[in-house]
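Visitor: Just one file: upload_26.cif, with mmCIF, C-alpha atoms.
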data_protein
loop_
_atom_site.label_atom_id
_atom_site.label_comp_id
_atom_site.auth_asym_id
_atom_site.auth_seq_id
_atom_site.Cartn_x
_atom_site.Cartn_y
_atom_site.Cartn_z
CA MET V 127 9.56 102.08 -5.36
CA ARG V 128 12.02 100.82 -2.80
CA PHE V 129 15.65 100.99 -3.76
CA SER V 130 17.82 98.66 -1.82
CA LEU V 131 20.75 96.59 -2.85
CA CYS V 132 20.82 94.44 0.23
CA LYS V 133 17.94 93.59 2.56
CA GLN V 134 18.32 92.30 6.09
CA PRO V 135 16.23 89.28 7.07
CA LEU V 136 13.76 89.30 9.96
CA PRO V 137 15.56 89.12 13.34
CA LYS V 138 16.15 85.57 14.47
CA ASP V 139 14.04 85.54 17.62
CA ALA V 140 11.04 87.01 15.80
CA ALA V 141 11.52 84.54 12.97
CA ARG V 142 11.61 81.64 15.42
CA VAL V 143 8.33 82.67 17.01
CA LEU V 144 6.58 82.95 13.66
CA TYR V 145 8.05 79.68 12.49
CA GLU V 146 6.97 77.76 15.61
CA THR V 147 3.51 79.28 15.42
CA TYR V 148 2.70 78.69 11.79
CA TYR V 149 4.89 75.87 10.48
CA ALA V 150 2.53 73.00 11.28
CA ASP V 151 -0.51 74.72 9.76
CA VAL V 152 1.31 75.65 6.58
CA VAL V 153 2.90 72.29 5.97
CA ARG V 154 -0.40 70.47 6.59
CA GLN V 155 -2.17 72.66 4.06
CA VAL V 156 0.50 72.01 1.47
CA VAL V 157 0.25 68.29 2.19
CA ALA V 158 -3.52 68.52 1.75
CA VAL V 159 -3.05 70.09 -1.66
CA THR V 160 -0.12 68.07 -2.94
CA GLY V 161 -0.49 64.79 -1.11
CA ASP V 162 3.31 64.62 -1.01
CA VAL V 163 4.80 65.06 2.47
CA GLU V 164 8.38 65.40 1.26
CA CYS V 165 7.48 68.01 -1.31
CA ALA V 166 5.33 69.83 1.22
CA VAL V 167 8.13 69.93 3.79
CA GLU V 168 10.63 71.24 1.23
CA SER V 169 8.22 73.83 -0.11
CA THR V 170 7.27 74.99 3.38
CA GLN V 171 10.87 75.37 4.50
CA GLU V 172 11.68 77.31 1.34
CA ALA V 173 8.59 79.45 1.86
CA PHE V 174 9.58 80.43 5.40
CA LEU V 175 13.13 81.17 4.24
CA ARG V 176 11.87 83.51 1.54
CA ALA V 177 9.31 85.07 3.85
CA PHE V 178 11.92 85.90 6.48
CA GLU V 179 14.25 87.36 3.85
CA ARG V 180 11.56 89.62 2.47
CA PHE V 181 9.55 90.26 5.60
CA ASP V 182 9.77 94.00 5.18
CA THR V 183 7.82 93.74 1.92
CA LEU V 184 4.77 92.38 3.76
CA ARG V 185 2.40 95.28 4.27
CA ASP V 186 -0.06 93.60 6.63
CA HIS V 187 1.86 91.56 9.19
CA SER V 188 -1.33 89.95 10.42
CA SER V 189 -1.63 88.12 7.11
CA PHE V 190 1.74 86.39 7.53
CA SER V 191 0.13 82.94 7.67
CA SER V 192 -1.73 83.32 4.37
CA TRP V 193 1.30 84.92 2.80
CA VAL V 194 3.69 82.13 3.65
CA THR V 195 1.06 79.51 2.74
CA SER V 196 0.74 81.10 -0.70
CA ILE V 197 4.50 81.04 -1.16
CA ALA V 198 4.61 77.40 -0.11
CA LEU V 199 1.77 76.39 -2.44
CA ASN V 200 3.36 78.17 -5.37
CA ALA V 201 6.72 76.60 -4.59
CA ALA V 202 5.10 73.18 -4.49
CA ARG V 203 3.38 73.86 -7.80
CA ASP V 204 6.72 74.89 -9.34
CA THR V 205 8.28 71.70 -8.03
CA PHE V 206 5.59 69.65 -9.71
CA ARG V 207 6.11 71.48 -12.96
CA LYS V 208 9.87 70.90 -12.83
CA ARG V 209 9.30 67.25 -12.17
CA GLY V 210 7.12 67.26 -15.23
CA ARG V 211 4.49 65.00 -13.88
CA GLU V 212 1.17 65.16 -12.19
CA LEU V 213 1.75 63.13 -9.07
CA SER V 214 -0.81 60.58 -8.11
CA ILE V 215 -2.02 62.92 -5.46
CA GLY V 216 -5.19 61.08 -4.74
CA GLU V 217 -3.37 57.88 -3.86
CA LYS V 218 -0.79 59.77 -1.79
CA LEU V 219 -3.47 61.53 0.24
CA ALA V 220 -5.20 58.27 0.93
CA SER V 221 -2.04 56.76 2.35
CA LEU V 222 -1.14 59.63 4.69
CA PRO V 223 -1.21 58.85 8.40
CA SER V 224 -3.28 60.97 10.73
CA GLY V 225 -1.72 63.47 13.09
CA ASN V 226 -0.82 62.56 16.67
CA ARG V 227 -3.99 62.95 18.66
CA SER V 228 -5.30 60.73 21.37
CA LEU V 229 -8.96 59.83 20.87
CA THR V 230 -11.48 57.61 22.58
CA VAL V 231 -12.81 54.64 20.71
CA GLU V 232 -16.06 56.43 19.98
CA GLU V 233 -14.29 59.58 18.96
CA GLU V 234 -12.00 57.55 16.80
CA ALA V 235 -14.91 55.88 15.08
CA SER V 236 -16.80 59.11 14.58
CA ASP V 237 -13.72 61.03 13.64
CA ARG V 238 -12.62 58.33 11.30
CA GLU V 239 -15.94 58.42 9.54
CA SER V 240 -16.13 62.18 9.00
CA THR V 241 -12.45 62.59 8.40
CA TYR V 242 -12.54 59.67 6.05
CA ALA V 243 -15.42 61.22 4.15
CA VAL V 244 -13.63 64.52 3.79
CA ARG V 245 -10.36 62.81 3.00
CA GLU V 246 -12.08 60.86 0.28
CA ALA V 247 -13.75 63.97 -1.00
CA VAL V 248 -10.53 65.95 -1.07
CA ARG V 249 -8.56 62.98 -2.40
CA SER V 250 -10.73 62.60 -5.41
CA MET V 251 -10.95 66.32 -6.05
CA PRO V 252 -8.91 67.74 -8.92
CA LEU V 253 -5.81 69.72 -7.90
CA ASP V 254 -7.17 73.11 -8.91
CA LEU V 255 -10.30 72.64 -6.83
CA ARG V 256 -8.30 71.32 -3.91
CA THR V 257 -6.04 74.39 -3.85
CA VAL V 258 -8.97 76.77 -3.81
CA THR V 259 -10.69 74.68 -1.13
CA ILE V 260 -7.71 74.87 1.21
CA LEU V 261 -7.21 78.59 0.70
CA PHE V 262 -10.91 79.33 1.22
CA TYR V 263 -11.86 77.01 4.06
CA VAL V 264 -8.61 76.85 5.98
CA GLN V 265 -6.92 80.18 5.28
CA ASP V 266 -10.23 82.08 5.17
CA LEU V 267 -9.10 84.02 2.15
CA ASP V 268 -11.73 85.82 0.11
CA ILE V 269 -12.18 85.44 -3.63
CA GLN V 270 -9.96 88.39 -4.52
CA SER V 271 -7.13 87.23 -2.28
CA ILE V 272 -7.25 83.73 -3.73
CA SER V 273 -7.26 85.23 -7.21
CA ARG V 274 -4.11 87.24 -6.42
CA THR V 275 -2.37 84.33 -4.75
CA LEU V 276 -2.92 81.88 -7.58
CA GLY V 277 -2.69 84.40 -10.38
CA ILE V 278 -6.06 83.47 -11.86
CA PRO V 279 -9.16 85.60 -12.54
CA SER V 280 -11.65 85.96 -9.71
CA GLY V 281 -14.38 84.48 -11.93
CA THR V 282 -12.31 81.33 -12.20
CA VAL V 283 -11.90 81.25 -8.44
CA LYS V 284 -15.67 81.50 -7.94
CA SER V 285 -16.30 78.80 -10.46
CA ARG V 286 -13.80 76.43 -8.87
CA LEU V 287 -15.11 77.15 -5.40
CA SER V 288 -18.63 76.44 -6.48
CA ARG V 289 -17.60 73.14 -8.01
CA ALA V 290 -15.52 72.27 -4.94
CA ARG V 291 -18.51 72.87 -2.66
CA ALA V 292 -20.73 70.71 -4.80
CA TRP V 293 -18.09 68.03 -4.82
CA LEU V 294 -17.55 68.07 -1.07
CA ARG V 295 -21.27 68.08 -0.26
CA GLY V 296 -21.95 65.27 -2.61
CA LYS V 297 -19.13 63.08 -1.28
CA MET V 298 -19.96 63.75 2.33
CA ASN V 299 -23.58 62.86 1.68
CA GLY V 300 -22.54 59.70 -0.03
CA GLU V 301 -23.75 60.86 -3.38
CA GLU V 302 -22.10 60.19 -6.67
CA CYS V 303 -20.75 63.54 -7.61
CA LEU V 304 -19.87 64.44 -11.12
CA LEU V 305 -18.25 67.61 -12.19
CA ALA V 306 -20.21 69.76 -14.60
CA ASP V 307 -17.87 68.88 -17.43
CA GLU V 308 -18.21 65.19 -16.79
CA ARG V 309 -22.01 65.21 -17.18
CA MET H 27 -37.53 81.16 1.40
CA ASP H 28 -34.53 82.95 0.03
CA THR H 29 -33.37 83.76 3.54
CA GLU H 30 -33.79 80.17 4.56
CA HIS H 31 -31.90 79.07 1.49
CA VAL H 32 -29.04 81.42 2.25
CA LYS H 33 -29.05 80.24 5.87
CA SER H 34 -28.98 76.67 4.69
CA VAL H 35 -26.06 77.42 2.36
CA ASP H 36 -24.16 79.20 5.14
CA GLU H 37 -24.70 76.30 7.50
CA MET H 38 -23.49 73.87 4.89
CA ASP H 39 -20.51 76.04 4.21
CA GLU H 40 -19.70 76.16 7.90
CA ARG H 41 -19.93 72.39 8.12
CA LEU H 42 -17.61 72.10 5.16
CA ARG H 43 -15.22 74.54 6.75
CA VAL H 44 -15.10 72.55 9.97
CA ALA H 45 -14.74 69.26 8.12
CA VAL H 46 -11.95 70.47 5.85
CA ARG H 47 -10.08 71.99 8.78
CA GLU H 48 -10.39 68.81 10.79
CA PHE H 49 -9.09 66.88 7.84
CA VAL H 50 -6.12 69.21 7.33
CA ASN H 51 -5.29 69.15 11.04
CA SER H 52 -5.18 65.39 10.91
CA LEU H 53 -2.37 65.44 8.37
CA PRO H 54 1.30 65.02 9.37
CA ALA H 55 3.48 68.05 9.99
CA ASP H 56 6.99 66.70 9.63
CA GLY H 57 10.31 68.43 9.29
CA GLN H 58 9.83 71.32 11.71
CA GLU H 59 13.11 71.10 13.59
CA GLU H 60 15.28 70.32 10.62
CA GLY H 61 13.57 73.12 8.73
CA TRP H 62 14.48 75.61 11.43
CA ARG H 63 18.10 74.40 11.48
CA CYS H 64 18.25 74.92 7.73
CA ILE H 65 16.85 78.45 8.05
CA GLU H 66 19.22 79.20 10.90
CA GLN H 67 22.20 78.08 8.88
CA LYS H 68 21.24 79.96 5.74
CA LEU H 69 20.06 83.20 7.29
CA TYR H 70 21.58 83.58 10.70
CA SER H 71 24.95 81.84 10.79
CA GLY H 72 28.00 84.09 10.59
CA SER H 73 29.72 82.59 7.57
CA ASN H 74 26.74 81.57 5.51
CA ARG H 75 24.62 84.60 5.99
CA ARG H 76 22.25 84.81 3.10
CA VAL H 77 20.60 88.02 2.17
CA ALA H 78 18.08 88.78 -0.46
CA PRO H 79 19.70 88.24 -3.81
CA ARG H 80 20.83 91.39 -5.56
CA ASP H 81 19.33 92.34 -8.82
CA PRO H 82 22.09 91.37 -11.28
CA MET H 83 21.04 93.98 -13.80
CA ARG H 84 21.20 96.72 -11.19
CA THR H 85 24.65 95.54 -10.08
CA LEU H 86 25.88 95.51 -13.68
CA ILE H 87 24.55 98.98 -14.31
CA MET H 88 26.22 100.31 -11.19
CA CYS H 89 29.57 98.74 -12.10
CA LEU H 90 29.40 100.22 -15.59
CA ALA H 91 28.44 103.60 -14.16
CA ALA H 92 31.39 103.50 -11.74
CA PHE H 93 33.76 102.54 -14.55
CA ALA H 94 32.46 105.31 -16.79
CA ALA H 95 32.74 107.82 -13.95
CA LEU H 96 36.38 106.85 -13.31
CA THR H 97 37.23 107.08 -16.98
CA MET H 98 35.56 110.48 -17.27
CA LEU H 99 37.35 111.63 -14.14
CA PHE H 100 40.66 110.68 -15.71
CA GLN H 101 39.87 112.90 -18.66
CA ILE H 102 39.71 116.00 -16.50
CA PRO H 103 43.02 117.76 -17.33
CA VAL H 104 44.08 118.34 -13.73
CA VAL H 105 43.32 114.76 -12.68
CA HIS H 106 44.90 113.40 -15.85
CA ALA H 107 48.13 115.33 -15.42
CA TRP H 108 48.44 114.46 -11.74
CA SER H 109 47.87 110.73 -12.37
CA VAL H 110 50.43 110.61 -15.15
CA ARG H 111 52.95 112.42 -12.96
CA MET H 112 52.38 109.94 -10.14
CA ILE H 113 52.75 106.94 -12.42
CA ILE H 114 55.98 108.21 -13.92
CA LYS H 115 57.44 109.71 -10.77
CA TYR H 116 57.01 106.67 -8.61
CA GLU H 117 57.92 104.28 -11.42
CA MET H 118 54.81 102.30 -10.82
CA LYS H 119 55.15 98.79 -12.16
CA LEU H 120 51.73 98.02 -13.47
CA PRO H 121 50.30 94.62 -14.40
CA GLY H 122 50.14 94.09 -18.14
CA ARG H 123 46.43 94.58 -18.71
CA ILE H 124 46.20 97.66 -16.52
CA ARG H 125 49.25 99.12 -18.20
CA THR H 126 47.67 98.50 -21.60
CA PHE H 127 44.50 100.28 -20.49
CA ILE H 128 46.33 103.25 -19.02
CA THR H 129 48.59 103.68 -22.02
CA THR H 130 45.50 103.54 -24.24
CA ILE H 131 43.83 106.45 -22.47
CA ALA H 132 47.10 108.24 -21.72
CA PRO H 133 49.53 107.55 -24.59
CA GLU H 134 52.19 109.88 -23.22
CA VAL H 135 52.72 107.40 -20.38
CA ARG H 136 53.71 104.62 -22.75
CA ALA H 137 57.29 105.61 -23.50
CA ASN H 138 58.00 106.49 -19.88
CA LEU H 139 56.60 103.18 -18.63
CA ALA H 140 58.66 101.25 -21.12
CA SER H 141 61.89 102.81 -20.02
CA ARG H 142 61.00 102.80 -16.30
CA ASN H 143 59.86 99.20 -16.24
CA ARG H 144 63.00 97.77 -17.79
CA VAL H 145 65.05 95.79 -15.33
CA VAL H 146 68.30 96.18 -17.24
CA ARG H 147 69.37 99.78 -17.55
CA SER H 148 70.85 101.23 -20.72
CA ASP H 149 74.29 101.62 -19.19
CA GLU H 150 74.30 98.02 -17.99
CA LEU H 151 73.28 96.83 -21.43
CA SER H 152 75.96 98.91 -23.02
CA ALA H 153 78.58 97.50 -20.65
CA GLU H 154 77.59 93.91 -21.41
CA PHE H 155 77.50 94.47 -25.16
CA GLY H 156 80.96 96.00 -24.88
CA LYS H 157 82.32 92.49 -24.22
CA LEU H 158 81.07 91.28 -27.57
CA ALA H 159 83.07 91.25 -30.75
CA PHE H 160 79.86 91.74 -32.78
CA THR H 161 76.90 94.04 -32.88
CA PRO H 162 73.88 92.22 -31.47
CA MET H 163 70.33 92.59 -32.71
CA VAL H 164 67.88 94.25 -30.36
CA PRO H 165 64.29 95.52 -30.72
CA LYS H 166 64.17 99.00 -32.20
CA THR H 167 61.47 99.91 -29.66
CA ASP H 168 60.66 97.92 -26.59
CA ALA H 169 57.29 99.47 -25.87
CA ASN H 170 55.65 96.07 -25.51
CA TRP H 171 58.61 94.18 -24.09
CA CYS H 172 60.50 94.46 -20.84
CA LEU H 173 64.20 93.56 -20.95
CA GLU H 174 64.62 91.38 -17.90
CA ALA H 175 68.16 90.09 -18.29
CA VAL H 176 71.21 90.09 -20.53
CA LYS H 177 73.87 87.40 -20.26
CA VAL H 178 77.16 87.36 -22.10
CA LYS H 179 78.95 84.00 -21.97
CA PRO H 180 82.04 82.52 -23.57
CA TRP H 181 81.46 80.76 -26.87
CA GLY H 182 84.26 78.39 -27.79
CA SER H 183 86.95 80.04 -29.77
CA GLU H 184 84.51 82.57 -31.25
CA GLY H 185 84.56 84.75 -28.22
CA PHE H 186 81.22 85.40 -26.57
CA TYR H 187 77.56 84.95 -27.25
CA VAL H 188 74.69 86.84 -25.78
CA THR H 189 71.25 85.85 -24.47
CA LEU H 190 68.57 88.49 -24.01
CA THR H 191 65.49 87.76 -21.91
CA TYR H 192 62.33 89.78 -22.48
CA LYS H 193 58.90 89.66 -20.88
CA ASP H 194 55.76 90.69 -22.71
CA GLU H 195 52.70 92.45 -21.25
CA GLU H 196 51.15 89.15 -20.23
CA GLY H 197 54.33 88.12 -18.44
CA ASP H 198 55.39 85.50 -21.01
CA THR H 199 59.13 85.11 -21.52
CA LEU H 200 60.99 85.44 -24.79
CA ARG H 201 64.66 84.55 -25.02
CA LEU H 202 66.87 85.60 -27.91
CA ALA H 203 70.29 84.02 -28.28
CA GLU H 204 72.83 85.49 -30.68
CA VAL H 205 75.99 83.67 -31.69
CA PRO H 206 78.55 84.93 -34.20
CA LEU H 207 79.00 82.52 -37.10
CA ALA H 208 80.99 83.03 -40.26
CA LYS H 209 78.30 81.51 -42.40
CA SER H 210 74.96 79.93 -42.12
CA HIS H 211 74.74 76.21 -41.52
CA SER H 212 71.92 74.18 -42.97
CA THR H 213 69.83 72.65 -40.26
CA SER H 214 67.78 69.49 -40.21
CA ILE H 215 65.11 69.23 -37.62
CA PHE H 216 62.88 66.41 -36.60
CA TYR H 217 59.52 67.26 -35.11
CA ASN H 218 56.17 65.70 -34.39
CA HIS H 219 53.87 66.64 -37.25
CA ASN H 220 50.81 65.93 -35.14
CA HIS H 221 51.57 68.52 -32.52
CA SER H 222 53.92 71.00 -34.20
CA SER H 223 54.04 73.00 -37.37
CA LEU H 224 56.99 74.50 -39.19
CA SER H 225 56.64 77.79 -41.04
CA ARG H 226 59.10 79.96 -42.88
CA TYR H 227 59.18 83.73 -43.15
CA SER H 228 61.40 86.10 -45.05
CA ILE H 229 62.39 88.98 -42.80
CA ARG H 230 65.04 91.48 -43.83
CA GLY H 231 66.09 89.01 -46.54
CA ALA H 232 66.76 86.28 -43.97
CA ASP H 233 65.01 82.93 -44.02
CA VAL H 234 63.34 82.63 -40.61
CA ALA H 235 62.12 79.19 -39.57
CA VAL H 236 59.42 79.07 -36.92
CA LEU H 237 58.43 75.86 -35.19
CA SER H 238 55.27 76.21 -33.14
CA HIS H 239 53.86 73.55 -30.83
CA ASP H 240 50.27 72.92 -29.76
CA THR H 241 51.23 73.93 -26.23
CA GLY H 242 52.04 77.45 -27.45
CA SER H 243 55.82 77.14 -27.27
CA ILE H 244 57.64 78.62 -30.23
CA ILE H 245 61.21 78.21 -31.49
CA ALA H 246 62.54 80.37 -34.27
CA TRP H 247 66.00 80.44 -35.86
CA TRP H 248 67.69 82.30 -38.69
CA TYR H 249 70.97 83.75 -39.87
CA GLU H 250 71.66 87.42 -40.56
CA GLN H 251 74.36 90.04 -40.09
CA GLY H 252 76.94 87.29 -39.42
CA LEU H 253 74.91 85.99 -36.51
CA SER H 254 73.01 82.82 -35.84
CA LEU H 255 69.95 83.86 -33.94
CA SER H 256 67.51 81.63 -32.10
CA LEU H 257 64.42 82.59 -30.23
CA THR H 258 62.24 80.73 -27.76
CA TYR H 259 58.86 82.05 -26.65
CA THR H 260 55.60 80.82 -25.20
CA GLY H 261 52.84 82.85 -26.66
CA ASN H 262 51.40 84.05 -29.87
CA VAL H 263 53.24 83.35 -33.16
CA ASP H 264 52.29 86.76 -34.52
CA LYS H 265 53.89 88.44 -31.53
CA ALA H 266 57.06 86.43 -32.07
CA ILE H 267 57.17 87.43 -35.75
CA SER H 268 56.50 91.03 -34.80
CA PHE H 269 59.40 90.90 -32.35
CA ILE H 270 61.74 89.48 -34.98
CA THR H 271 60.60 92.05 -37.54
CA ASN H 272 61.33 94.81 -35.02
CA LEU H 273 64.99 93.76 -34.52
CA ALA H 274 67.81 96.02 -35.64
CA PRO H 275 71.54 96.27 -34.90
CA TYR H 276 72.18 97.76 -31.48
CA GLU H 277 73.24 101.39 -31.38
CA LYS H 278 74.86 102.64 -28.24
CA GLY H 279 72.46 104.91 -26.37
CA SER H 280 69.32 103.31 -27.89
CA PRO H 281 66.73 101.78 -25.56
#
Would you give me this structure, written as structure tokens?

Guide:
Amino acid sequence: MRFSLCKQPLPKDAARVLYETYYADVVRQVVAVTGDVECAVESTQEAFLRAFERFDTLRDHSSFSSWVTSIALNAARDTFRKRGRELSIGEKLASLPSGNRSLTVEEEASDRESTYAVREAVRSMPLDLRTVTILFYVQDLDIQSISRTLGIPSGTVKSRLSRARAWLRGKMNGEECLLADER
Amino acid sequence: MDTEHVKSVDEMDERLRVAVREFVNSLPADGQEEGWRCIEQKLYSGSNRRVAPRDPMRTLIMCLAAFAALTMLFQIPVVHAWSVRMIIKYEMKLPGRIRTFITTIAPEVRANLASRNRVVRSDELSAEFGKLAFTPMVPKTDANWCLEAVKVKPWGSEGFYVTLTYKDEEGDTLRLAEVPLAKSHSTSIFYNHNHSSLSRYSIRGADVAVLSHDTGSIIAWWYEQGLSLSLTYTGNVDKAISFITNLAPYEKGSP
């Protein structure tokens, strides 16, 4: 057990490098989960602040990205709870602009179609499935890591992941997809 | 078949992975610069340096442990004796609450502090009282009061009157004025019933009137020993009554 009254934050130049490297990825993932850009930005900034303060508690420095993403997602979840409302995440996701990327007309059309399909799939997905989806497919976390991050049993993670896959496949294939509990 | 099924699932999973990542990468990533400025200000600026918050329970425990250690240290006979000697020798004027604490754990310091902390020395008091044609009333013990000033002034054809100024442990001032009068005069007083209250006490057979105001200011007056006495004080009524109860005719050489 570490005994320390006062911890020093990560040195500034190291913190800047990590921040520049990972900020965009983290904030986009939180936006994908919450659908709320403002909330995502606040949660991400708070997450990096906490991560830099407690950097010496991180055992595996190579997992910094997943670590700070977890902090940001939990912070966003806490914010939602404090606000006492389930935001209309689906509608918010649908209205988000795309990132700044120059595309050809064909690429735009193709990209729009596949991105639109995934956006629609993610938009209509329940929040708990969306969170697991982002952590699994974007952060490449395994079941156990997701379980630890979200504080839920690994069986629940597997179940949600399975449902999320079915949901995504169905939407991308243009199928009407119902959750098991809706059948 | 099973292998093909697994391969099919893996391929699907990979497609999902690519699609989800493309979708996430298409989302906005605002607030990067302002976020860094915020972090810089909170963590790395000189005046607003923020460190990991301390555990309040741990801090409390350490403060209590330090306090207990100091108190126990003071109980060691050698340390105790040396500290008392230093306090008395150098006539340390201690703030009220600290003095109360020290005199609680070291009662022998109390009498010495009382006499050392008085501004008006016994010989000065005696000299001033020598101008009076009467024997004034003074506290029998001034352990809780510090005599700050004594003023003897002419009083019409009666000679002189005296005003004594005391300070209590909290630094509040009490003034006692003593005027020789042949007999008591009845007094009418008008006061605001909403903000003041008038009480009467019998002390040493004298009828003591005490008018106390919401603000904490107190006026008391009574007649005894051929003197008209009046007291003003800002503080606790009980302390004022205790002061009055503790009064006795001055004896030369008393504190």

Visitor: Assuming the chain letters and numbering stay as they are in my file, what does the PyMOL selection byres ((chain V and resi 255-258) around 8) actually select? List them as a PDB file with C-alpha atoms, in the coordinates of the input.

Guide:
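Resulting contents of result.pdb:
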ATOM      1  CA  ALA V 158      -3.520  68.520   1.750  1.00  0.00           C
ATOM      2  CA  VAL V 159      -3.050  70.090  -1.660  1.00  0.00           C
ATOM      3  CA  VAL V 248     -10.530  65.950  -1.070  1.00  0.00           C
ATOM      4  CA  MET V 251     -10.950  66.320  -6.050  1.00  0.00           C
ATOM      5  CA  PRO V 252      -8.910  67.740  -8.920  1.00  0.00           C
ATOM      6  CA  LEU V 253      -5.810  69.720  -7.900  1.00  0.00           C
ATOM      7  CA  ASP V 254      -7.170  73.110  -8.910  1.00  0.00           C
ATOM      8  CA  THR V 259     -10.690  74.680  -1.130  1.00  0.00           C
ATOM      9  CA  ILE V 260      -7.710  74.870   1.210  1.00  0.00           C
ATOM     10  CA  LEU V 261      -7.210  78.590   0.700  1.00  0.00           C
ATOM     11  CA  PHE V 262     -10.910  79.330   1.220  1.00  0.00           C
ATOM     12  CA  ILE V 272      -7.250  83.730  -3.730  1.00  0.00           C
ATOM     13  CA  VAL V 283     -11.900  81.250  -8.440  1.00  0.00           C
ATOM     14  CA  ARG V 286     -13.800  76.430  -8.870  1.00  0.00           C
ATOM     15  CA  LEU V 287     -15.110  77.150  -5.400  1.00  0.00           C
ATOM     16  CA  ARG V 289     -17.600  73.140  -8.010  1.00  0.00           C
ATOM     17  CA  ALA V 290     -15.520  72.270  -4.940  1.00  0.00           C
TER      18      ALA V 290
END

Visitor: I'd like the contact shell of Gln251 (chain H) - 10 Å cut-off, all atoms listed in the file, skipping same-chain residues fewer than 6 positions apart - returned as a JSON list (two decimals) with C-alpha atoms, in the frame of the given file.

Guide:
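New file part03.json:
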[["chain", "number", "residue", "atom", "x", "y", "z"],
["H", 160, "PHE", "CA", 79.86, 91.74, -32.78],
["H", 161, "THR", "CA", 76.90, 94.04, -32.88],
["H", 162, "PRO", "CA", 73.88, 92.22, -31.47],
["H", 163, "MET", "CA", 70.33, 92.59, -32.71],
["H", 206, "PRO", "CA", 78.55, 84.93, -34.20],
["H", 207, "LEU", "CA", 79.00, 82.52, -37.10],
["H", 208, "ALA", "CA", 80.99, 83.03, -40.26],
["H", 209, "LYS", "CA", 78.30, 81.51, -42.40],
["H", 232, "ALA", "CA", 66.76, 86.28, -43.97],
["H", 274, "ALA", "CA", 67.81, 96.02, -35.64],
["H", 275, "PRO", "CA", 71.54, 96.27, -34.90]]

Visitor: For chain V, which residue out of H:Val176, H:Leu253, H:Leu53, H:Ile270 is the nearest one, using all atoms listed in the file?

Guide: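 That would be H:Leu53, the residue with the smallest distance to chain V.
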
Visitor: Nearest residue to chain H out of V:Leu276, V:Leu144, V:Ile197, V:Leu175, using only C-alpha atoms?

Guide: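 Selected residue with least distance to chain H: V:Leu175.
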
Visitor: Determine, counting only C-alpha atoms, which protein, DNA and RNA residues have an atom within 10 Å of an atom of Ser169 (chain V); residues of the same chain fewer than 3 positions away are not included. Present the result as a list in words.

Guide: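 Neighbouring residues, sequence-local ones excluded: Val152, Val153, Val156, Val157, Val163, Glu164, Cys165, Ala166, Glu172, Ala173, Phe174, Leu175, Thr195, Ile197, Ala198, Leu199, Asn200, Ala201, Ala202, Arg203, Asp204 and Thr205 of chain V.
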
Visitor: Apply the PyMOL selection byres ((chain H and resi 238) around 12) to the structure shown and report the selected residues as number ranges by chain.

Guide: H: 217-226, 235-237, 239-247, 257-264, 266-267

Visitor: Do you have the CA of Leu294 (chain V)-CA of Leu42 (chain H) distance handy?

Guide: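 A separation of 7.4 Å between them.
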
Visitor: Quick one: residues within 10 Å of Pro279 (chain V), only C-alpha atoms, excluding same-chain residues fewer than 5 positions away - as a PDB file with C-alpha atoms, keeping the file's coordinate frame?

Guide:
ATOM      1  CA  ILE V 269     -12.180  85.440  -3.630  1.00  0.00           C
ATOM      2  CA  GLN V 270      -9.960  88.390  -4.520  1.00  0.00           C
ATOM      3  CA  ILE V 272      -7.250  83.730  -3.730  1.00  0.00           C
ATOM      4  CA  SER V 273      -7.260  85.230  -7.210  1.00  0.00           C
ATOM      5  CA  ARG V 274      -4.110  87.240  -6.420  1.00  0.00           C
ATOM      6  CA  LYS V 284     -15.670  81.500  -7.940  1.00  0.00           C
TER       7      LYS V 284
END

Visitor: Which residues match the PyMOL selection byres ((chain H) within 12 of (chain V)) in the file above, as an NGL selection string?

Guide: :H and (35-71 or 75-85 or 88)

Visitor: Select, from H:Glu277, H:Asp194, H:Asp233, H:Glu250, the residue with the minimum atom-to-atom distance to Asn170 (chain H), counting all atoms listed in the file.

Guide: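 With all atoms listed in the file as the atom set, the closest residue is H:Asp194.
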
Visitor: Report, in Å with one decimal, the straight-line distance from CA of Lys278 (chain H) to CA of Ser152 (chain H).

Guide: 6.5 Å

Visitor: Work out how far CA of Val205 (chain H) is from CA of Val188 (chain H), in Å to one decimal.

Guide: 6.8 Å

Visitor: From the list V:Thr147, V:Thr183, V:Ser188, V:Ser196, which residue is nearest Thr275 (chain V) when using all atoms listed in the file?

Guide: V:Ser196

Visitor: Give me the box for region 157-164 of chain V as lines of an AutoDock Vina configuration file, namely the centre and edge lengths in Å to one decimal of a box along x, y and z that holds every listed atom plus 8 Å on each side.

Guide:
center_x = 2.4
center_y = 67.4
center_z = -0.2
size_x = 27.9
size_y = 21.5
size_z = 21.4
